[in-house]
file structure.cif (mmCIF, C-alpha atoms)
data_target
#
loop_
_atom_site.group_PDB
_atom_site.id
_atom_site.type_symbol
_atom_site.label_atom_id
_atom_site.label_comp_id
_atom_site.auth_asym_id
_atom_site.auth_seq_id
_atom_site.Cartn_x
_atom_site.Cartn_y
_atom_site.Cartn_z
ATOM 1 C CA MET V 128 -5.210 -20.241 -21.006
ATOM 2 C CA GLU V 129 -8.608 -21.440 -19.868
ATOM 3 C CA ILE V 130 -9.005 -18.343 -17.751
ATOM 4 C CA PHE V 131 -9.748 -16.318 -20.879
ATOM 5 C CA ASN V 132 -12.519 -18.537 -22.260
ATOM 6 C CA HIS V 133 -15.309 -18.004 -19.733
ATOM 7 C CA ASN V 134 -16.705 -14.696 -20.964
ATOM 8 C CA SER V 135 -16.611 -12.492 -24.008
ATOM 9 C CA ASN V 136 -13.442 -10.451 -24.085
ATOM 10 C CA PHE V 137 -13.551 -7.226 -26.111
ATOM 11 C CA ASN V 138 -10.218 -6.523 -27.742
ATOM 12 C CA PHE V 139 -9.438 -3.065 -26.356
ATOM 13 C CA LEU V 140 -5.753 -3.527 -27.131
ATOM 14 C CA GLY V 141 -6.650 -3.999 -30.794
ATOM 15 C CA LEU V 142 -7.528 -0.286 -30.824
ATOM 16 C CA ARG V 143 -4.221 0.754 -29.259
ATOM 17 C CA LYS V 144 -2.782 2.463 -32.349
ATOM 18 C CA PHE V 145 -5.878 4.610 -32.700
ATOM 19 C CA SER V 146 -6.277 5.322 -28.961
ATOM 20 C CA ILE V 147 -2.620 6.198 -28.401
ATOM 21 C CA GLY V 148 -2.569 8.321 -31.553
ATOM 22 C CA LEU V 149 -5.681 10.198 -30.421
ATOM 23 C CA ALA V 150 -4.233 10.668 -26.925
ATOM 24 C CA VAL V 151 -1.015 12.138 -28.339
ATOM 25 C CA LEU V 152 -3.014 14.395 -30.672
ATOM 26 C CA LEU V 153 -5.140 15.682 -27.772
ATOM 27 C CA MET V 154 -2.038 16.358 -25.678
ATOM 28 C CA VAL V 155 -0.345 18.287 -28.492
ATOM 29 C CA ALA V 156 -3.541 20.263 -29.163
ATOM 30 C CA SER V 157 -3.927 21.031 -25.448
ATOM 31 C CA ILE V 158 -0.346 22.292 -25.173
ATOM 32 C CA ALA V 159 -0.877 24.469 -28.252
ATOM 33 C CA LEU V 160 -4.097 25.927 -26.796
ATOM 34 C CA ILE V 161 -2.467 26.627 -23.429
ATOM 35 C CA LEU V 162 0.492 28.371 -25.074
ATOM 36 C CA THR V 163 -1.519 30.386 -27.608
ATOM 37 C CA ARG V 164 -4.799 31.194 -25.814
ATOM 38 C CA GLY V 165 -3.733 30.834 -22.196
ATOM 39 C CA PHE V 166 -6.203 30.721 -19.298
ATOM 40 C CA ASN V 167 -8.902 33.135 -18.299
ATOM 41 C CA TYR V 168 -7.530 33.629 -14.800
ATOM 42 C CA GLY V 169 -9.928 34.633 -12.052
ATOM 43 C CA GLN V 170 -9.400 37.183 -9.324
ATOM 44 C CA ASP V 171 -7.557 34.653 -7.179
ATOM 45 C CA PHE V 172 -4.661 34.884 -9.645
ATOM 46 C CA LEU V 173 -5.032 38.398 -11.070
ATOM 47 C CA GLY V 174 -5.615 40.291 -7.852
ATOM 48 C CA GLY V 175 -8.195 43.033 -7.352
ATOM 49 C CA VAL V 176 -10.139 44.797 -4.621
ATOM 50 C CA ALA V 177 -11.557 42.952 -1.611
ATOM 51 C CA VAL V 178 -14.397 44.588 0.349
ATOM 52 C CA GLN V 179 -15.908 43.140 3.519
ATOM 53 C CA VAL V 180 -19.525 44.145 4.150
ATOM 54 C CA GLU V 181 -22.059 43.426 6.886
ATOM 55 C CA TYR V 182 -25.870 43.346 6.778
ATOM 56 C CA LYS V 183 -28.114 43.972 9.786
ATOM 57 C CA THR V 184 -30.281 40.978 8.886
ATOM 58 C CA PRO V 185 -29.379 37.715 7.101
ATOM 59 C CA VAL V 186 -29.197 37.774 3.316
ATOM 60 C CA ASP V 187 -28.671 35.134 0.651
ATOM 61 C CA PRO V 188 -25.284 35.283 -1.177
ATOM 62 C CA THR V 189 -27.150 34.949 -4.478
ATOM 63 C CA ASP V 190 -29.043 38.173 -3.743
ATOM 64 C CA VAL V 191 -25.767 39.953 -3.009
ATOM 65 C CA ARG V 192 -24.288 38.767 -6.292
ATOM 66 C CA SER V 193 -27.428 39.725 -8.222
ATOM 67 C CA ALA V 194 -27.369 43.251 -6.788
ATOM 68 C CA LEU V 195 -23.786 43.720 -7.986
ATOM 69 C CA GLU V 196 -24.477 42.323 -11.442
ATOM 70 C CA LYS V 197 -27.513 44.607 -11.867
ATOM 71 C CA SER V 198 -25.134 47.543 -11.476
ATOM 72 C CA HIS V 199 -22.906 46.095 -14.215
ATOM 73 C CA LEU V 200 -20.103 45.036 -11.847
ATOM 74 C CA GLU V 201 -18.770 42.034 -13.774
ATOM 75 C CA ASN V 202 -17.779 38.684 -12.257
ATOM 76 C CA PRO V 203 -18.074 39.554 -8.559
ATOM 77 C CA LEU V 204 -16.769 36.904 -6.168
ATOM 78 C CA VAL V 205 -19.026 36.761 -3.094
ATOM 79 C CA GLN V 206 -17.994 34.658 -0.096
ATOM 80 C CA ALA V 207 -19.828 34.364 3.235
ATOM 81 C CA VAL V 208 -17.736 35.053 6.336
ATOM 82 C CA GLY V 209 -18.937 32.881 9.203
ATOM 83 C CA GLY V 210 -22.650 33.287 8.615
ATOM 84 C CA THR V 211 -25.294 34.942 6.455
ATOM 85 C CA ARG V 212 -24.681 38.559 7.462
ATOM 86 C CA GLU V 213 -21.035 39.179 6.619
ATOM 87 C CA PHE V 214 -19.535 38.777 3.144
ATOM 88 C CA THR V 215 -16.251 39.361 1.397
ATOM 89 C CA ILE V 216 -16.684 40.717 -2.128
ATOM 90 C CA ARG V 217 -13.762 40.620 -4.542
ATOM 91 C CA LEU V 218 -13.769 42.509 -7.791
ATOM 92 C CA GLN V 219 -11.229 43.424 -10.422
ATOM 93 C CA PRO V 220 -10.912 47.135 -11.217
ATOM 94 C CA LYS V 221 -12.395 47.753 -14.666
ATOM 95 C CA GLY V 222 -13.011 50.541 -17.099
ATOM 96 C CA ASP V 223 -11.963 53.979 -15.919
ATOM 97 C CA VAL V 224 -10.346 52.598 -12.745
ATOM 98 C CA ALA V 225 -8.072 50.190 -14.631
ATOM 99 C CA ALA V 226 -7.263 52.850 -17.217
ATOM 100 C CA ALA V 227 -6.335 55.453 -14.670
ATOM 101 C CA GLY V 228 -2.738 54.408 -14.109
ATOM 102 C CA ASN V 229 -2.072 57.469 -11.938
ATOM 103 C CA LEU V 230 -4.329 56.142 -9.172
ATOM 104 C CA THR V 231 -2.651 54.604 -6.149
ATOM 105 C CA ASN V 232 -3.747 51.186 -4.898
ATOM 106 C CA ASP V 233 -5.651 52.789 -2.033
ATOM 107 C CA GLU V 234 -7.441 55.217 -4.356
ATOM 108 C CA ALA V 235 -8.374 52.405 -6.767
ATOM 109 C CA ALA V 236 -9.663 50.295 -3.865
ATOM 110 C CA THR V 237 -11.722 53.251 -2.584
ATOM 111 C CA LYS V 238 -13.332 53.868 -5.986
ATOM 112 C CA VAL V 239 -14.244 50.205 -6.496
ATOM 113 C CA ALA V 240 -15.480 49.925 -2.897
ATOM 114 C CA ASN V 241 -17.744 52.935 -3.402
ATOM 115 C CA ASP V 242 -19.204 51.354 -6.559
ATOM 116 C CA ILE V 243 -19.829 48.104 -4.670
ATOM 117 C CA MET V 244 -21.539 49.858 -1.758
ATOM 118 C CA ALA V 245 -23.714 51.920 -4.109
ATOM 119 C CA ALA V 246 -24.865 48.753 -5.862
ATOM 120 C CA LEU V 247 -25.598 46.943 -2.590
ATOM 121 C CA LYS V 248 -27.460 49.857 -0.966
ATOM 122 C CA ALA V 249 -29.677 50.160 -4.028
ATOM 123 C CA SER V 250 -30.980 46.709 -3.155
ATOM 124 C CA ARG V 251 -30.605 46.620 0.649
ATOM 125 C CA PRO V 252 -29.982 49.880 2.575
ATOM 126 C CA ASP V 253 -29.024 47.967 5.755
ATOM 127 C CA VAL V 254 -25.521 47.151 4.489
ATOM 128 C CA ALA V 255 -22.300 48.694 5.813
ATOM 129 C CA MET V 256 -18.677 48.392 4.761
ATOM 130 C CA LYS V 257 -16.288 46.973 7.357
ATOM 131 C CA SER V 258 -13.002 47.043 5.425
ATOM 132 C CA LYS V 259 -11.423 47.291 2.001
ATOM 133 C CA SER V 260 -8.044 46.223 0.584
ATOM 134 C CA PHE V 261 -6.168 45.976 -2.701
ATOM 135 C CA VAL V 262 -4.515 42.665 -3.719
ATOM 136 C CA GLY V 263 -1.760 43.055 -6.305
ATOM 137 C CA PRO V 264 -1.134 40.668 -9.229
ATOM 138 C CA GLN V 265 2.165 39.494 -7.717
ATOM 139 C CA VAL V 266 0.127 37.410 -5.265
ATOM 140 C CA GLY V 267 -1.522 35.691 -8.233
ATOM 141 C CA GLU V 268 1.879 34.912 -9.741
ATOM 142 C CA GLU V 269 2.890 33.191 -6.524
ATOM 143 C CA LEU V 270 -0.364 31.226 -6.406
ATOM 144 C CA ARG V 271 0.108 30.054 -10.005
ATOM 145 C CA SER V 272 3.656 28.852 -9.376
ATOM 146 C CA ASP V 273 2.622 27.129 -6.132
ATOM 147 C CA GLY V 274 -0.250 25.440 -7.964
ATOM 148 C CA ILE V 275 2.050 24.075 -10.664
ATOM 149 C CA VAL V 276 4.440 22.758 -7.997
ATOM 150 C CA ALA V 277 1.510 21.108 -6.175
ATOM 151 C CA VAL V 278 0.313 19.294 -9.317
ATOM 152 C CA ILE V 279 3.841 18.094 -10.136
ATOM 153 C CA PHE V 280 4.410 16.975 -6.544
ATOM 154 C CA VAL V 281 1.173 14.945 -6.523
ATOM 155 C CA ILE V 282 1.916 13.246 -9.853
ATOM 156 C CA VAL V 283 5.520 12.390 -8.923
ATOM 157 C CA GLY V 284 4.391 11.120 -5.516
ATOM 158 C CA ILE V 285 1.821 8.843 -7.151
ATOM 159 C CA MET V 286 4.484 7.585 -9.563
ATOM 160 C CA GLY V 287 6.759 6.695 -6.645
ATOM 161 C CA TYR V 288 3.936 4.867 -4.879
ATOM 162 C CA LEU V 289 3.126 2.778 -7.958
ATOM 163 C CA TRP V 290 6.826 2.032 -8.534
ATOM 164 C CA ILE V 291 6.998 0.542 -5.020
ATOM 165 C CA ARG V 292 3.630 -1.224 -5.078
ATOM 166 C CA PHE V 293 3.785 -2.640 -8.601
ATOM 167 C CA GLU V 294 6.780 -2.180 -10.882
ATOM 168 C CA LYS V 295 8.515 0.645 -12.740
ATOM 169 C CA ARG V 296 6.594 0.056 -15.976
ATOM 170 C CA PHE V 297 3.319 0.643 -14.141
ATOM 171 C CA ALA V 298 4.707 3.853 -12.657
ATOM 172 C CA ILE V 299 5.749 5.110 -16.107
ATOM 173 C CA ALA V 300 2.345 4.223 -17.597
ATOM 174 C CA ALA V 301 0.570 5.989 -14.736
ATOM 175 C CA LEU V 302 2.772 9.070 -15.105
ATOM 176 C CA ALA V 303 2.106 9.274 -18.848
ATOM 177 C CA THR V 304 -1.676 8.924 -18.444
ATOM 178 C CA GLU V 305 -1.815 11.419 -15.553
ATOM 179 C CA ILE V 306 0.042 13.997 -17.641
ATOM 180 C CA HIS V 307 -2.418 13.251 -20.465
ATOM 181 C CA ASP V 308 -5.454 13.695 -18.195
ATOM 182 C CA VAL V 309 -4.211 16.972 -16.694
ATOM 183 C CA LEU V 310 -3.166 18.455 -20.040
ATOM 184 C CA VAL V 311 -6.440 17.588 -21.789
ATOM 185 C CA THR V 312 -8.487 18.970 -18.874
ATOM 186 C CA LEU V 313 -6.475 22.205 -18.893
ATOM 187 C CA GLY V 314 -6.651 22.328 -22.699
ATOM 188 C CA ILE V 315 -10.447 22.336 -22.559
ATOM 189 C CA PHE V 316 -10.310 25.293 -20.164
ATOM 190 C CA ALA V 317 -7.962 27.127 -22.516
ATOM 191 C CA LEU V 318 -10.303 26.385 -25.438
ATOM 192 C CA THR V 319 -13.516 27.460 -23.715
ATOM 193 C CA GLN V 320 -11.892 30.329 -21.749
ATOM 194 C CA ARG V 321 -13.871 29.459 -18.635
ATOM 195 C CA GLU V 322 -12.635 31.272 -15.557
ATOM 196 C CA PHE V 323 -9.636 29.556 -13.944
ATOM 197 C CA ASP V 324 -9.410 30.199 -10.203
ATOM 198 C CA LEU V 325 -8.247 28.443 -7.037
ATOM 199 C CA THR V 326 -11.384 26.293 -6.985
ATOM 200 C CA VAL V 327 -10.556 24.970 -10.455
ATOM 201 C CA LEU V 328 -6.938 24.371 -9.416
ATOM 202 C CA ALA V 329 -8.129 22.352 -6.417
ATOM 203 C CA SER V 330 -10.378 20.282 -8.674
ATOM 204 C CA VAL V 331 -7.437 19.576 -11.017
ATOM 205 C CA LEU V 332 -5.633 18.007 -8.048
ATOM 206 C CA ALA V 333 -8.807 16.032 -7.263
ATOM 207 C CA VAL V 334 -8.899 14.828 -10.891
ATOM 208 C CA VAL V 335 -5.347 13.497 -10.531
ATOM 209 C CA GLY V 336 -6.357 11.474 -7.466
ATOM 210 C CA TYR V 337 -9.584 10.203 -9.022
ATOM 211 C CA SER V 338 -7.890 9.222 -12.261
ATOM 212 C CA ILE V 339 -5.116 7.265 -10.572
ATOM 213 C CA ASN V 340 -7.683 5.333 -8.536
ATOM 214 C CA ASP V 341 -9.165 3.887 -11.743
ATOM 215 C CA LYS V 342 -5.729 2.887 -12.981
ATOM 216 C CA VAL V 343 -4.756 1.202 -9.704
ATOM 217 C CA VAL V 344 -7.862 -0.999 -9.946
ATOM 218 C CA VAL V 345 -6.888 -2.095 -13.478
ATOM 219 C CA PHE V 346 -3.229 -2.550 -12.475
ATOM 220 C CA ASP V 347 -4.237 -4.752 -9.527
ATOM 221 C CA ARG V 348 -6.217 -6.961 -11.886
ATOM 222 C CA VAL V 349 -3.305 -7.107 -14.333
ATOM 223 C CA ARG V 350 -0.975 -8.328 -11.597
ATOM 224 C CA GLU V 351 -3.509 -10.893 -10.390
ATOM 225 C CA LEU V 352 -4.116 -12.346 -13.865
ATOM 226 C CA PHE V 353 -0.418 -12.442 -14.733
ATOM 227 C CA ARG V 354 0.254 -14.521 -11.626
ATOM 228 C CA SER V 355 -2.730 -16.853 -12.092
ATOM 229 C CA SER V 356 -2.344 -17.541 -15.833
ATOM 230 C CA ARG V 357 0.166 -19.918 -17.379
ATOM 231 C CA ASN V 358 0.322 -19.485 -21.126
ATOM 232 C CA ALA V 359 -1.574 -16.251 -21.715
ATOM 233 C CA THR V 360 0.195 -13.511 -23.652
ATOM 234 C CA PRO V 361 0.576 -10.016 -22.136
ATOM 235 C CA GLU V 362 -1.998 -8.672 -24.605
ATOM 236 C CA GLU V 363 -4.565 -11.252 -23.481
ATOM 237 C CA VAL V 364 -3.926 -10.489 -19.836
ATOM 238 C CA LEU V 365 -4.283 -6.751 -20.345
ATOM 239 C CA ASN V 366 -7.493 -7.164 -22.357
ATOM 240 C CA ARG V 367 -8.965 -9.428 -19.713
ATOM 241 C CA SER V 368 -7.999 -6.977 -16.964
ATOM 242 C CA ILE V 369 -9.783 -4.100 -18.668
ATOM 243 C CA ASN V 370 -12.893 -6.205 -19.348
ATOM 244 C CA SER V 371 -13.128 -7.574 -15.823
ATOM 245 C CA THR V 372 -12.928 -4.104 -14.246
ATOM 246 C CA LEU V 373 -14.969 -2.289 -16.899
ATOM 247 C CA SER V 374 -18.327 -2.407 -15.093
ATOM 248 C CA ARG V 375 -16.759 -1.116 -11.869
ATOM 249 C CA THR V 376 -14.999 1.709 -13.745
ATOM 250 C CA ILE V 377 -18.141 2.816 -15.581
ATOM 251 C CA ILE V 378 -20.422 2.616 -12.527
ATOM 252 C CA THR V 379 -17.988 4.584 -10.349
ATOM 253 C CA SER V 380 -17.550 7.247 -13.024
ATOM 254 C CA LEU V 381 -21.302 7.454 -13.662
ATOM 255 C CA PHE V 382 -22.280 8.000 -10.036
ATOM 256 C CA THR V 383 -19.426 10.427 -9.386
ATOM 257 C CA GLY V 384 -20.479 12.307 -12.506
ATOM 258 C CA ILE V 385 -24.086 12.463 -11.286
ATOM 259 C CA THR V 386 -22.858 13.897 -7.981
ATOM 260 C CA MET V 387 -20.813 16.568 -9.755
ATOM 261 C CA ALA V 388 -23.742 17.408 -12.040
ATOM 262 C CA ALA V 389 -25.978 17.888 -8.992
ATOM 263 C CA LEU V 390 -23.298 20.105 -7.436
ATOM 264 C CA PHE V 391 -23.187 22.187 -10.623
ATOM 265 C CA PHE V 392 -26.951 22.716 -10.880
ATOM 266 C CA ILE V 393 -27.730 23.083 -7.162
ATOM 267 C CA GLY V 394 -24.492 24.266 -5.559
ATOM 268 C CA GLY V 395 -24.499 27.748 -7.068
ATOM 269 C CA PRO V 396 -21.940 29.723 -9.105
ATOM 270 C CA VAL V 397 -19.181 29.462 -6.472
ATOM 271 C CA VAL V 398 -18.716 25.725 -7.117
ATOM 272 C CA HIS V 399 -19.400 25.755 -10.878
ATOM 273 C CA GLY V 400 -15.691 25.684 -11.713
ATOM 274 C CA PHE V 401 -15.013 22.750 -9.398
ATOM 275 C CA ALA V 402 -17.950 20.715 -10.720
ATOM 276 C CA ILE V 403 -17.165 21.367 -14.397
ATOM 277 C CA THR V 404 -13.500 20.468 -13.941
ATOM 278 C CA MET V 405 -14.394 17.244 -12.156
ATOM 279 C CA LEU V 406 -16.884 16.266 -14.874
ATOM 280 C CA ILE V 407 -14.256 16.835 -17.566
ATOM 281 C CA GLY V 408 -11.599 15.012 -15.527
ATOM 282 C CA ILE V 409 -13.872 12.035 -14.812
ATOM 283 C CA LEU V 410 -14.603 11.579 -18.523
ATOM 284 C CA VAL V 411 -10.977 12.001 -19.625
ATOM 285 C CA GLY V 412 -9.594 9.874 -16.767
ATOM 286 C CA THR V 413 -12.055 7.022 -17.373
ATOM 287 C CA LEU V 414 -11.265 6.875 -21.089
ATOM 288 C CA SER V 415 -7.511 6.979 -20.446
ATOM 289 C CA SER V 416 -7.807 4.141 -17.909
ATOM 290 C CA ILE V 417 -9.501 1.984 -20.538
ATOM 291 C CA PHE V 418 -7.776 2.980 -23.777
ATOM 292 C CA VAL V 419 -4.397 4.502 -22.869
ATOM 293 C CA ALA V 420 -2.850 3.031 -19.696
ATOM 294 C CA SER V 421 -2.833 -0.631 -20.750
ATOM 295 C CA PRO V 422 -1.527 0.005 -24.299
ATOM 296 C CA ILE V 423 1.382 1.893 -22.726
ATOM 297 C CA LEU V 424 2.064 -1.092 -20.455
ATOM 298 C CA LEU V 425 2.089 -3.399 -23.480
ATOM 299 C CA TRP V 426 4.405 -1.044 -25.384
ATOM 300 C CA LEU V 427 6.774 -0.950 -22.381
ATOM 301 C CA GLY V 428 6.972 -4.754 -22.493
ATOM 302 C CA VAL V 429 5.340 -5.734 -19.191
ATOM 303 C CA SER V 430 5.429 -9.500 -18.619
ATOM 304 C CA LYS V 431 4.656 -12.148 -16.022
ATOM 305 C CA LYS V 432 8.192 -12.311 -14.666
ATOM 306 C CA ASP V 433 8.076 -8.609 -13.811
ATOM 307 C CA LEU V 434 5.254 -9.236 -11.320
ATOM 308 C CA MET V 435 6.257 -12.529 -9.758
ATOM 309 C CA PRO V 436 7.366 -12.209 -6.122
ATOM 310 C CA VAL V 437 11.114 -12.380 -5.640
ATOM 311 C CA THR V 438 12.257 -15.380 -3.581
ATOM 312 C CA LYS V 439 15.561 -15.620 -1.806
ATOM 313 C CA GLU V 440 17.538 -18.808 -1.579
ATOM 314 C CA ASP V 441 18.158 -20.245 1.872
ATOM 315 C CA PRO V 442 21.892 -19.751 2.656
ATOM 316 C CA ALA V 443 21.926 -23.119 4.415
ATOM 317 C CA LEU V 444 20.778 -24.832 1.230
ATOM 318 C CA GLU V 445 23.437 -23.061 -0.818
ATOM 319 C CA ARG V 446 26.193 -24.494 1.448
ATOM 320 C CA ARG V 447 25.049 -28.094 1.033
ATOM 321 C CA PRO V 448 27.263 -30.255 -1.227
#
call {"tool": "encode", "arguments": {"input": "structure.cif", "output": "structure tokens"}}
result
Amino acid sequence: MEIFNHNSNFNFLGLRKFSIGLAVLLMVASIALILTRGFNYGQDFLGGVAVQVEYKTPVDPTDVRSALEKSHLENPLVQAVGGTREFTIRLQPKGDVAAAGNLTNDEAATKVANDIMAALKASRPDVAMKSKSFVGPQVGEELRSDGIVAVIFVIVGIMGYLWIRFEKRFAIAALATEIHDVLVTLGIFALTQREFDLTVLASVLAVVGYSINDKVVVFDRVRELFRSSRNATPEEVLNRSINSTLSRTIITSLFTGITMAALFFIGGPVVHGFAITMLIGILVGTLSSIFVASPILLWLGVSKKDLMPVTKEDPALERRP
């Protein structure tokens, strides 16, 4: 018991009814938002027209995007292709093109491509079109389903790893908190209707990995304190584990958050979705590591005997009279 008397020990577990209740409320609200409002899917999921252009001299991608926006071409996706002279521009057909259902895919692609080239030549006459293509929405459906499978695969894989490394209660707690973190992050996107594209999907997977890292640190400390203490209750051990890893958790989250903020302000519009998702995920994952994971462990009844190494009796000793 003396292990718990050296430093102040904030009673995080004393807030477990409030923290678990709030976590459940946020999950329910996130599910409701996803089902009712849905996501503002980007061109990666909805399809559209892709046009590859080439400039005679190097040009900044920001200038290309600005030229398109000045001509009222909304939400253009500009990607450099192996340098600063070639770009792929993706755009969803809008207005009269989208309304004209009698247009074939090739005709729709031609009309949008002509609008793109007119906008670019108004700014830089030295641009030429290399190719154009139409991407149907069925490709987006496949990407969405593959993305869901990827997230589920990652979470289940992490659960299996924790089951082997620690114990099944830790795996269940990690699974519950990971589902919470993903749902709340996605719920914020459904609420704000920020564009959801492949970059955001990739950052959701990164959030899962970042969040589980925080929980593994706390779980390691829980196992260590359970094995080194004699008379401490599970609640005391869990509180001490959170307190002893709190500075590490906050510092890691703070510096990762600063990095993502710099990426948001300096990296340009292409990485805005990734940076915003990571910032949301870092905040949600850090809070769940502190206020949600350990209360779930306590509710599941984790104890010292669950974490003690299993010893096997020597068969020779068992045969002795």
call {"tool": "atom_distance", "arguments": {"input": "structure.cif", "atom1": "CA of Thr413 (chain V)", "atom2": "CA of Asp308 (chain V)"}}
result
9.4 Å
call {"tool": "residues_around", "arguments": {"input": "structure.cif", "residues": "Ala236 (chain V)", "least_positions_apart": "5", "cutoff": "8 Å", "atoms": "only C-alpha atoms", "output": "ChimeraX atom specification"}}
result
/V:176-177,259-261
call {"tool": "write_last_selection", "arguments": {"input": "structure.cif", "atoms": "C-alpha atoms", "output": "PDB file, in the coordinates of the input"}}
result
ATOM      1  CA  VAL V 176     -10.139  44.797  -4.621  1.00  0.00           C
ATOM      2  CA  ALA V 177     -11.557  42.952  -1.611  1.00  0.00           C
ATOM      3  CA  LYS V 259     -11.423  47.291   2.001  1.00  0.00           C
ATOM      4  CA  SER V 260      -8.044  46.223   0.584  1.00  0.00           C
ATOM      5  CA  PHE V 261      -6.168  45.976  -2.701  1.00  0.00           C
TER       6      PHE V 261
END
call {"tool": "closest_residue", "arguments": {"input": "structure.cif", "among": "V:Ser416, V:Glu363, V:Met405, V:Ser380", "to": "Gly141 (chain V)", "atoms": "only C-alpha atoms"}}
result
V:Glu363
call {"tool": "residues_around", "arguments": {"input": "structure.cif", "residues": "Asn370 (chain V)", "least_positions_apart": "2", "cutoff": "12 Å", "atoms": "all atoms listed in the file", "output": "ChimeraX atom specification"}}
result
/V:131,134-140,344-345,348-349,363-368,372-377,416-418,421
call {"tool": "closest_atom_pairs", "arguments": {"input": "structure.cif", "of": "region 300-321 of chain V", "to": "region 381-402 of chain V", "cutoff": "12 Å", "atoms": "all atoms listed in the file", "output": "tab-separated table"}}
result
residue	atom	partner	partner_atom	distance
V:Phe316	CA	V:Gly400	CA	10.0
V:Gln320	CA	V:Gly400	CA	11.7
V:Arg321	CA	V:Gly400	CA	8.1
call {"tool": "atom_distance", "arguments": {"input": "structure.cif", "atom1": "CA of Ser193 (chain V)", "atom2": "CA of Val239 (chain V)"}}
result
16.9 Å
call {"tool": "resolve_selection", "arguments": {"input": "structure.cif", "expression": "the PyMOL selection byres ((chain V and resi 152-163) around 7)", "output": "PDB file with C-alpha atoms, in the coordinates of the input"}}
result
ATOM      1  CA  GLY V 148      -2.569   8.321 -31.553  1.00  0.00           C
ATOM      2  CA  LEU V 149      -5.681  10.198 -30.421  1.00  0.00           C
ATOM      3  CA  ALA V 150      -4.233  10.668 -26.925  1.00  0.00           C
ATOM      4  CA  VAL V 151      -1.015  12.138 -28.339  1.00  0.00           C
ATOM      5  CA  ARG V 164      -4.799  31.194 -25.814  1.00  0.00           C
ATOM      6  CA  GLY V 165      -3.733  30.834 -22.196  1.00  0.00           C
ATOM      7  CA  PHE V 166      -6.203  30.721 -19.298  1.00  0.00           C
ATOM      8  CA  HIS V 307      -2.418  13.251 -20.465  1.00  0.00           C
ATOM      9  CA  LEU V 310      -3.166  18.455 -20.040  1.00  0.00           C
ATOM     10  CA  VAL V 311      -6.440  17.588 -21.789  1.00  0.00           C
ATOM     11  CA  GLY V 314      -6.651  22.328 -22.699  1.00  0.00           C
ATOM     12  CA  ALA V 317      -7.962  27.127 -22.516  1.00  0.00           C
ATOM     13  CA  LEU V 318     -10.303  26.385 -25.438  1.00  0.00           C
TER      14      LEU V 318
END
call {"tool": "closest_residue", "arguments": {"input": "structure.cif", "among": "V:Arg251, V:Arg292, V:Arg350, V:Arg192", "to": "Phe214 (chain V)", "atoms": "all atoms listed in the file"}}
result
V:Arg192
